[in-house]
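J.: My file is upload-v4.csv. It has CSV, C-alpha atoms:
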chain,number,residue,atom,x,y,z
A,221,MET,CA,64.9,-63.2,-32.4
A,222,ASP,CA,64.2,-63.6,-28.8
A,223,ALA,CA,65.3,-59.9,-28.2
A,224,VAL,CA,62.8,-58.7,-30.8
A,225,LEU,CA,60.0,-60.8,-29.3
A,226,GLY,CA,60.8,-59.5,-25.9
A,227,LEU,CA,60.7,-55.9,-27.2
A,228,LEU,CA,57.4,-56.5,-28.8
A,229,VAL,CA,56.0,-58.0,-25.6
A,230,SER,CA,57.3,-55.1,-23.6
A,231,LEU,CA,55.8,-52.7,-26.1
A,232,ALA,CA,52.5,-54.4,-26.0
A,233,VAL,CA,52.5,-54.4,-22.2
A,234,GLY,CA,53.4,-50.7,-22.2
A,235,LEU,CA,50.6,-49.9,-24.6
A,236,GLY,CA,48.1,-51.9,-22.6
A,237,TYR,CA,49.1,-50.1,-19.4
A,238,PHE,CA,48.9,-46.7,-21.1
A,239,ALA,CA,45.4,-47.6,-22.4
A,240,SER,CA,44.2,-48.8,-19.1
A,241,SER,CA,45.6,-45.9,-17.1
A,242,ALA,CA,44.4,-43.1,-19.4
A,243,ARG,CA,41.0,-41.5,-18.6
A,244,VAL,CA,39.3,-38.8,-20.5
A,245,ILE,CA,37.0,-36.5,-18.5
A,246,GLU,CA,34.4,-34.7,-20.6
A,247,GLN,CA,33.8,-31.0,-20.4
A,248,GLY,CA,31.3,-30.1,-17.7
A,249,ASN,CA,32.3,-33.1,-15.5
A,250,LYS,CA,34.8,-33.8,-12.9
A,251,ALA,CA,36.0,-37.1,-11.4
A,252,LEU,CA,37.2,-38.2,-8.0
A,253,VAL,CA,40.1,-40.6,-7.8
A,254,GLU,CA,40.0,-43.2,-5.0
A,255,ARG,CA,43.1,-45.3,-4.4
A,256,LEU,CA,42.4,-48.4,-2.4
A,257,GLY,CA,39.1,-46.9,-1.2
A,258,ARG,CA,40.6,-43.6,0.0
A,259,TYR,CA,40.2,-40.2,-1.7
A,260,GLN,CA,43.3,-39.4,-3.8
A,261,ARG,CA,42.6,-36.4,-6.0
A,262,THR,CA,40.0,-34.7,-8.2
A,263,LEU,CA,40.4,-34.8,-12.0
A,264,ASP,CA,39.5,-31.9,-14.3
A,265,PRO,CA,38.1,-32.3,-17.8
A,266,GLY,CA,40.6,-33.6,-20.3
A,267,LEU,CA,43.1,-36.5,-20.5
A,268,ASN,CA,44.2,-37.9,-17.1
A,269,PHE,CA,46.1,-40.9,-15.9
A,270,VAL,CA,45.4,-43.3,-13.1
A,271,ILE,CA,47.0,-46.5,-11.8
A,272,PRO,CA,45.1,-49.4,-13.3
A,273,PHE,CA,43.5,-51.9,-10.8
A,274,VAL,CA,44.5,-49.5,-7.9
A,275,ASP,CA,42.7,-46.3,-8.6
A,276,SER,CA,38.9,-46.0,-9.2
A,277,LEU,CA,37.1,-43.1,-10.7
A,278,ILE,CA,33.8,-41.4,-9.6
A,279,VAL,CA,32.6,-39.1,-12.3
A,280,GLU,CA,29.9,-36.4,-11.6
A,281,THR,CA,28.5,-33.5,-13.6
A,282,MET,CA,29.2,-29.9,-12.6
A,283,ARG,CA,26.3,-28.6,-14.7
A,284,GLU,CA,23.2,-26.9,-13.3
A,285,ARG,CA,20.4,-29.3,-12.1
A,286,GLU,CA,16.8,-28.7,-11.4
A,287,ILE,CA,14.8,-29.7,-8.3
A,288,ASP,CA,11.0,-29.9,-8.1
A,289,ILE,CA,9.5,-29.9,-4.6
A,290,LYS,CA,6.2,-31.7,-4.3
A,291,PRO,CA,3.2,-29.9,-2.8
A,292,GLN,CA,3.7,-29.5,0.9
A,293,GLN,CA,1.1,-28.8,3.6
A,294,VAL,CA,2.2,-25.7,5.6
A,295,ILE,CA,0.5,-23.8,8.5
A,296,THR,CA,0.5,-20.0,8.4
A,297,LYS,CA,1.0,-17.8,11.3
A,298,ASP,CA,-2.8,-17.4,11.8
A,299,GLY,CA,-3.2,-21.2,12.0
A,300,LEU,CA,-4.6,-21.9,8.5
A,301,SER,CA,-3.4,-24.8,6.4
A,302,ILE,CA,-2.4,-24.3,2.7
A,303,GLU,CA,-0.6,-26.3,0.1
A,304,VAL,CA,2.6,-25.0,-1.4
A,305,ASP,CA,5.1,-26.3,-4.0
A,306,ALA,CA,8.4,-24.9,-5.3
A,307,VAL,CA,11.1,-25.4,-7.9
A,308,GLY,CA,14.8,-24.6,-7.8
A,309,SER,CA,18.2,-25.1,-9.4
A,310,TRP,CA,21.6,-25.9,-8.1
A,311,ARG,CA,25.0,-27.2,-9.1
A,312,ILE,CA,28.1,-28.8,-7.5
A,313,VAL,CA,31.0,-26.5,-6.8
A,314,ASN,CA,33.1,-28.8,-4.6
A,315,LEU,CA,32.9,-32.4,-5.8
A,316,LYS,CA,34.8,-33.8,-2.9
A,317,ALA,CA,32.4,-32.2,-0.3
A,318,ALA,CA,29.3,-33.0,-2.3
A,319,TYR,CA,30.3,-36.7,-2.5
A,320,TYR,CA,31.6,-37.3,0.9
A,321,ASN,CA,29.5,-35.0,3.1
A,322,VAL,CA,26.0,-35.9,1.8
A,323,ASP,CA,24.7,-39.3,1.0
A,324,ASN,CA,21.9,-38.3,-1.4
A,325,LEU,CA,22.1,-34.7,-2.6
A,326,ASP,CA,18.7,-34.6,-4.3
A,327,ALA,CA,16.8,-36.0,-1.4
A,328,ALA,CA,18.7,-33.9,1.2
A,329,LEU,CA,18.1,-30.7,-0.8
A,330,ALA,CA,14.4,-31.5,-1.3
A,331,ASN,CA,13.9,-32.1,2.5
A,332,LEU,CA,15.7,-28.9,3.3
A,333,VAL,CA,13.6,-26.8,0.9
A,334,ALA,CA,10.4,-28.4,2.3
A,335,THR,CA,11.5,-27.6,5.9
A,336,GLU,CA,12.3,-24.0,5.1
A,337,LEU,CA,8.9,-23.6,3.3
A,338,ARG,CA,7.1,-24.7,6.5
A,339,ALA,CA,9.2,-22.4,8.6
A,340,ARG,CA,8.9,-19.3,6.4
A,341,PHE,CA,5.1,-19.7,5.9
A,342,GLY,CA,4.7,-20.2,9.7
A,343,GLN,CA,5.9,-16.6,10.2
A,344,ILE,CA,3.4,-14.8,7.9
A,345,GLU,CA,-0.4,-14.6,7.9
A,346,LEU,CA,-2.5,-16.0,5.1
A,347,GLU,CA,-3.4,-12.6,3.6
A,348,GLU,CA,0.3,-11.9,3.2
A,349,THR,CA,1.2,-15.1,1.2
A,350,PHE,CA,0.6,-13.6,-2.2
A,351,SER,CA,2.0,-10.1,-1.5
A,352,LYS,CA,5.2,-11.5,-0.1
A,353,ILE,CA,6.1,-14.1,-2.7
A,354,GLU,CA,9.2,-12.3,-3.9
A,355,GLU,CA,10.4,-11.8,-0.3
A,356,LEU,CA,9.7,-15.4,0.6
A,357,ASN,CA,11.7,-16.6,-2.5
A,358,GLN,CA,14.7,-14.5,-1.5
A,359,THR,CA,14.5,-15.6,2.1
A,360,LEU,CA,14.4,-19.2,1.1
A,361,LEU,CA,17.3,-18.8,-1.2
A,362,ASP,CA,19.5,-17.2,1.4
A,363,ARG,CA,18.6,-19.7,4.1
A,364,ILE,CA,19.1,-22.8,1.9
A,365,ASP,CA,22.3,-21.4,0.3
A,366,THR,CA,23.8,-20.9,3.7
A,367,VAL,CA,23.1,-24.5,4.8
A,368,THR,CA,24.3,-26.1,1.6
A,369,THR,CA,27.7,-24.4,1.5
A,370,GLU,CA,29.0,-27.3,3.6
A,371,TRP,CA,27.5,-29.7,1.1
A,372,GLY,CA,29.8,-28.4,-1.7
A,373,ILE,CA,26.8,-27.2,-3.8
A,374,LYS,CA,25.5,-23.8,-4.8
A,375,VAL,CA,21.7,-23.2,-4.9
A,376,LEU,CA,21.1,-20.8,-7.7
A,377,ARG,CA,17.4,-20.0,-7.2
A,378,VAL,CA,14.3,-21.1,-5.4
A,379,ALA,CA,10.8,-20.1,-6.5
A,380,ILE,CA,7.4,-20.8,-4.9
A,381,GLN,CA,5.5,-22.1,-7.9
A,382,HIS,CA,1.9,-22.5,-6.5
A,383,ILE,CA,-0.1,-21.7,-3.4
A,384,GLN,CA,-3.4,-23.6,-3.0
A,385,ARG,CA,-5.8,-22.4,-0.4
A,386,PRO,CA,-8.9,-24.3,0.7
A,387,GLU,CA,-12.0,-23.2,-1.2
A,388,GLU,CA,-13.8,-22.1,2.0
A,389,ILE,CA,-10.9,-19.8,2.9
A,390,ASP,CA,-11.1,-18.2,-0.6
A,391,ARG,CA,-14.8,-17.6,-0.3
A,392,ALA,CA,-14.4,-16.1,3.2
A,393,MET,CA,-11.6,-13.8,1.9
A,394,GLU,CA,-13.8,-12.8,-1.1
A,395,ARG,CA,-16.6,-11.9,1.3
A,396,THR,CA,-14.2,-9.8,3.4
A,397,ARG,CA,-12.9,-8.0,0.3
A,398,ILE,CA,-16.5,-7.2,-0.8
A,399,ALA,CA,-17.5,-6.0,2.7
A,400,GLU,CA,-14.4,-3.8,2.8
A,401,ARG,CA,-15.1,-2.3,-0.6
A,402,ASP,CA,-18.7,-1.6,0.4
A,403,ARG,CA,-17.6,0.0,3.7
A,404,GLN,CA,-15.1,2.2,1.9
A,405,ALA,CA,-17.8,3.3,-0.6
A,406,ALA,CA,-20.2,4.1,2.3
A,407,VAL,CA,-17.5,6.1,4.0
A,408,GLU,CA,-16.7,8.1,0.8
A,409,GLU,CA,-20.4,8.7,0.2
A,410,ALA,CA,-20.9,9.9,3.8
A,411,GLU,CA,-17.9,12.2,3.5
A,412,GLY,CA,-19.3,13.6,0.2
A,413,LYS,CA,-22.7,14.3,1.8
A,414,ARG,CA,-21.0,15.9,4.8
A,415,ALA,CA,-19.0,18.2,2.6
A,416,ALA,CA,-22.1,19.1,0.6
A,417,ALA,CA,-24.0,19.8,3.8
A,418,ILE,CA,-21.3,22.0,5.2
A,419,ALA,CA,-21.0,23.9,1.9
A,420,GLU,CA,-24.8,24.4,1.8
A,421,ALA,CA,-24.8,25.6,5.4
A,422,GLU,CA,-22.1,28.0,4.7
A,423,GLY,CA,-24.0,29.3,1.7
A,424,ARG,CA,-27.2,29.8,3.8
A,425,LYS,CA,-25.2,31.5,6.5
A,426,GLN,CA,-23.7,33.9,4.0
A,427,ALA,CA,-27.1,34.6,2.5
A,428,ALA,CA,-28.5,35.3,5.9
A,429,ILE,CA,-25.7,37.7,6.7
A,430,GLU,CA,-26.2,39.5,3.4
A,431,GLU,CA,-30.0,39.6,4.1
A,432,ALA,CA,-29.4,41.2,7.5
A,433,GLU,CA,-26.9,43.7,6.0
A,434,GLY,CA,-29.6,44.6,3.4
A,435,ILE,CA,-32.1,45.2,6.2
A,436,VAL,CA,-29.7,47.5,8.0
A,437,GLN,CA,-29.1,49.5,4.8
A,438,ALA,CA,-32.8,49.7,4.1
A,439,VAL,CA,-33.5,51.0,7.6
A,440,LYS,CA,-30.8,53.6,7.2
A,441,LEU,CA,-32.3,54.8,3.9
A,442,ILE,CA,-35.8,55.0,5.3
A,443,SER,CA,-34.6,56.7,8.4
A,444,ALA,CA,-32.8,59.3,6.4
A,445,ALA,CA,-36.0,59.9,4.4
A,446,MET,CA,-38.0,60.4,7.6
A,447,HIS,CA,-35.5,63.1,8.7
A,448,ASP,CA,-36.0,64.9,5.3
A,449,LYS,CA,-39.9,64.5,5.6
A,450,PRO,CA,-41.0,64.5,9.2
A,451,GLN,CA,-44.7,64.6,8.3
A,452,SER,CA,-44.5,61.0,6.9
A,453,LYS,CA,-42.6,59.6,9.8
A,454,GLY,CA,-45.5,57.5,11.2
A,455,VAL,CA,-46.2,55.9,7.8
A,456,LEU,CA,-42.5,55.2,7.2
A,457,GLU,CA,-42.1,53.7,10.6
A,458,GLN,CA,-44.9,51.2,9.9
A,459,MET,CA,-43.3,50.3,6.6
A,460,VAL,CA,-40.0,49.8,8.2
A,461,LYS,CA,-41.4,47.5,10.8
A,462,PHE,CA,-43.3,45.5,8.2
A,463,LEU,CA,-40.3,45.1,5.9
A,464,VAL,CA,-38.0,44.2,8.8
A,465,ALA,CA,-40.5,41.6,10.1
A,466,GLN,CA,-40.9,40.1,6.6
A,467,ARG,CA,-37.2,40.0,6.0
A,468,TYR,CA,-36.6,38.4,9.4
A,469,VAL,CA,-39.2,35.7,8.8
A,470,ASP,CA,-37.7,34.9,5.3
A,471,ALA,CA,-34.1,34.8,6.7
A,472,SER,CA,-35.2,32.5,9.6
A,473,GLN,CA,-36.9,30.1,7.2
A,474,LYS,CA,-33.9,29.9,5.0
A,475,ILE,CA,-31.6,29.3,7.9
A,476,SER,CA,-33.9,26.6,9.4
A,477,GLU,CA,-33.8,24.6,6.1
A,478,SER,CA,-30.3,23.4,6.8
A,479,PRO,CA,-30.0,20.4,9.2
A,480,ASN,CA,-26.7,21.8,10.5
A,481,SER,CA,-28.0,25.3,11.3
A,482,LYS,CA,-29.1,26.6,14.7
A,483,VAL,CA,-31.9,29.2,14.7
A,484,ILE,CA,-32.5,31.7,17.4
A,485,PHE,CA,-36.1,33.1,17.3
A,486,MET,CA,-36.8,36.7,18.3
A,487,ASP,CA,-40.2,37.6,19.7
A,488,PRO,CA,-42.2,40.4,18.0
A,489,LYS,CA,-41.8,42.8,20.9
A,490,ALA,CA,-38.0,42.5,20.8
A,491,LEU,CA,-38.1,42.8,17.0
A,492,THR,CA,-40.0,46.1,17.3
A,493,GLU,CA,-37.6,47.4,20.0
A,494,THR,CA,-34.7,46.5,17.8
A,495,VAL,CA,-36.1,48.5,14.8
A,496,ASN,CA,-37.0,51.5,17.0
A,497,GLY,CA,-33.4,51.4,18.4
A,498,MET,CA,-32.0,51.4,14.9
A,499,MET,CA,-34.2,54.3,13.9
A,500,GLU,CA,-33.5,56.2,17.1
A,501,SER,CA,-29.8,55.8,16.5
A,502,GLU,CA,-30.3,57.7,13.3
A,503,ASP,CA,-32.2,60.4,15.2
A,504,SER,CA,-29.4,60.7,17.7
A,505,VAL,CA,-26.9,61.8,15.0
A,506,PRO,CA,-26.1,65.5,15.7
A,507,ALA,CA,-27.6,67.8,13.1
A,508,ARG,CA,-25.4,70.3,11.3
A,509,HIS,CA,-26.9,73.8,11.0
A,510,ASN,CA,-26.9,75.7,7.7
A,511,HIS,CA,-26.0,79.3,8.7
A,512,VAL,CA,-27.0,80.6,5.3
A,513,HIS,CA,-30.7,79.6,5.4
A,514,GLY,CA,-31.0,79.5,9.2
A,515,LYS,CA,-32.4,76.0,9.4
A,516,VAL,CA,-31.3,72.4,10.1
A,517,ASP,CA,-29.7,70.4,7.2
A,518,PHE,CA,-30.2,66.6,7.3
A,519,ALA,CA,-28.5,65.9,4.0
A,520,ASP,CA,-25.3,64.8,5.6
A,521,LEU,CA,-26.9,62.1,7.9
A,522,ASP,CA,-25.7,58.5,7.4
A,523,GLY,CA,-27.3,57.2,4.2
A,524,PRO,CA,-26.2,54.7,1.6
A,525,GLY,CA,-23.1,56.8,0.9
A,526,GLY,CA,-22.7,58.3,4.3
A,527,ALA,CA,-19.6,58.1,6.3
Can you give me the file's structure in the form of structure tokens?
T.:
Amino acid sequence: MDAVLGLLVSLAVGLGYFASSARVIEQGNKALVERLGRYQRTLDPGLNFVIPFVDSLIVETMREREIDIKPQQVITKDGLSIEVDAVGSWRIVNLKAAYYNVDNLDAALANLVATELRARFGQIELEETFSKIEELNQTLLDRIDTVTTEWGIKVLRVAIQHIQRPEEIDRAMERTRIAERDRQAAVEEAEGKRAAAIAEAEGRKQAAIEEAEGIVQAVKLISAAMHDKPQSKGVLEQMVKFLVAQRYVDASQKISESPNSKVIFMDPKALTETVNGMMESEDSVPARHNHVHGKVDFADLDGPGGA
């Protein structure tokens, strides 16, 4: 009877020891085992056994956690103060380092992110804050992840959530944008007017050239006619001078209408001498004799179709 009672007592003690030493770690968690206050080992999820009254457990989640950084006052490179906040996520990858290397992970991580925010924004100017958001996020992530490696955690992402600029700065930037837009519009308008003026001047120049070429052709035609009918030479000369003078005045007026044109005026005496010179050049062309009729033939002098 005593033997049976002793067996039952032993069985009860064994069951009690088993029950007190068995520890179940849930999925997503890990546990540190401290034996008499010193680190012993790390327990994975599942059934584990420890020494009752000697070992103590510290259970932590290995799941992803969120961090929300409160609005921070930062100074940009150009000395302007803005308010910035951010959010991020992280998780423990080394429970031993996370527990023993850092006293308060949440507070330490929040302080680190705030410090990096001030440092990164201090390297850019205010106008770049919005255009470089993605670059800032990546820089923050790289910097923070490098530091927190020794903490036993992995920072998964950091994102700047909001940038609040003072109202007077927003108004000043809006005025600057409007001024720049107006300036650009004025430049484009001036370029358009300049191009139009150049095109107009080129057109007038070409018209004046064609006008002058027409005058030369007319003089040649009239000069040829004077060779054919010498008795009308005086009248034709006066007609030529009148037509040339009229064409010259018209061409000069057209050229002077363009603000970009330069007009050189010719005095009447020089104009008359020019016409006489053109006509004399026609007279100086050697005549070709017609041996059949025994007289000079002017039909081959330069005319509209002459060589």
J.: Rounded to one decimal in Å, what is the spacing between atom CA of Arg385 of chain A and atom CA of Leu361 of chain A?
T.: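 If I compute the distance from atom CA of Arg385 of chain A to atom CA of Leu361 of chain A, I get 23.4 Å.
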J.: Have a look at atom CA of Val313 of chain A and atom CA of Met282 of chain A and let me know their distance in Å, one decimal.
T.: 7.0 Å
J.: Between A:Val294, A:Leu315, A:Leu325, A:Val407, which is the closest to Arg340 of chain A once you count all atoms listed in the file?
T.: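 Under the stated criterion, the closest residue is A:Val294.
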J.: What's the 10 Å shell around Arg285 of chain A, counting only C-alpha atoms, without same-chain residues fewer than 4 positions away, as a JSON list (two decimals) with C-alpha atoms, in the coordinates of the input?
T.:
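Everything below was put into out-v3.json:
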[["chain", "number", "residue", "atom", "x", "y", "z"],
["A", 281, "THR", "CA", 28.50, -33.50, -13.60],
["A", 308, "GLY", "CA", 14.80, -24.60, -7.80],
["A", 309, "SER", "CA", 18.20, -25.10, -9.40],
["A", 310, "TRP", "CA", 21.60, -25.90, -8.10],
["A", 311, "ARG", "CA", 25.00, -27.20, -9.10],
["A", 312, "ILE", "CA", 28.10, -28.80, -7.50],
["A", 326, "ASP", "CA", 18.70, -34.60, -4.30],
["A", 375, "VAL", "CA", 21.70, -23.20, -4.90],
["A", 376, "LEU", "CA", 21.10, -20.80, -7.70]]
J.: Go through segment 261-319 of chain A residue by residue and, counting all atoms listed in the file, keep those with an atom at most 6 Å from segment 240-247 of chain A; for each kept residue give the shortest atom pair and its distance in Å to one decimal, ordered by chain and increasing number, as JSON lines.
T.:
{"residue": "A:Pro265", "atom": "CA", "partner": "A:Ile245", "partner_atom": "CA", "distance": 4.4}
{"residue": "A:Gly266", "atom": "CA", "partner": "A:Ile245", "partner_atom": "CA", "distance": 5.0}
{"residue": "A:Leu267", "atom": "CA", "partner": "A:Val244", "partner_atom": "CA", "distance": 4.4}
{"residue": "A:Asn268", "atom": "CA", "partner": "A:Arg243", "partner_atom": "CA", "distance": 5.0}
{"residue": "A:Phe269", "atom": "CA", "partner": "A:Ala242", "partner_atom": "CA", "distance": 4.5}
{"residue": "A:Val270", "atom": "CA", "partner": "A:Ser241", "partner_atom": "CA", "distance": 4.8}
{"residue": "A:Ile271", "atom": "CA", "partner": "A:Ser241", "partner_atom": "CA", "distance": 5.5}
{"residue": "A:Pro272", "atom": "CA", "partner": "A:Ser241", "partner_atom": "CA", "distance": 5.2}
J.: Return the single residue from A:Asp288, A:Asp275, A:Glu370, A:Glu345 that is closest to Tyr319 of chain A, with distances computed using only C-alpha atoms.
T.: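 Of all the options, A:Glu370 lies closest to Tyr319 of chain A.
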J.: For atom CA of Lys290 of chain A and atom CA of Asp305 of chain A, quote the distance in Å rounded to one decimal.
T.: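 Here the two named atoms are 5.5 Å from each other.
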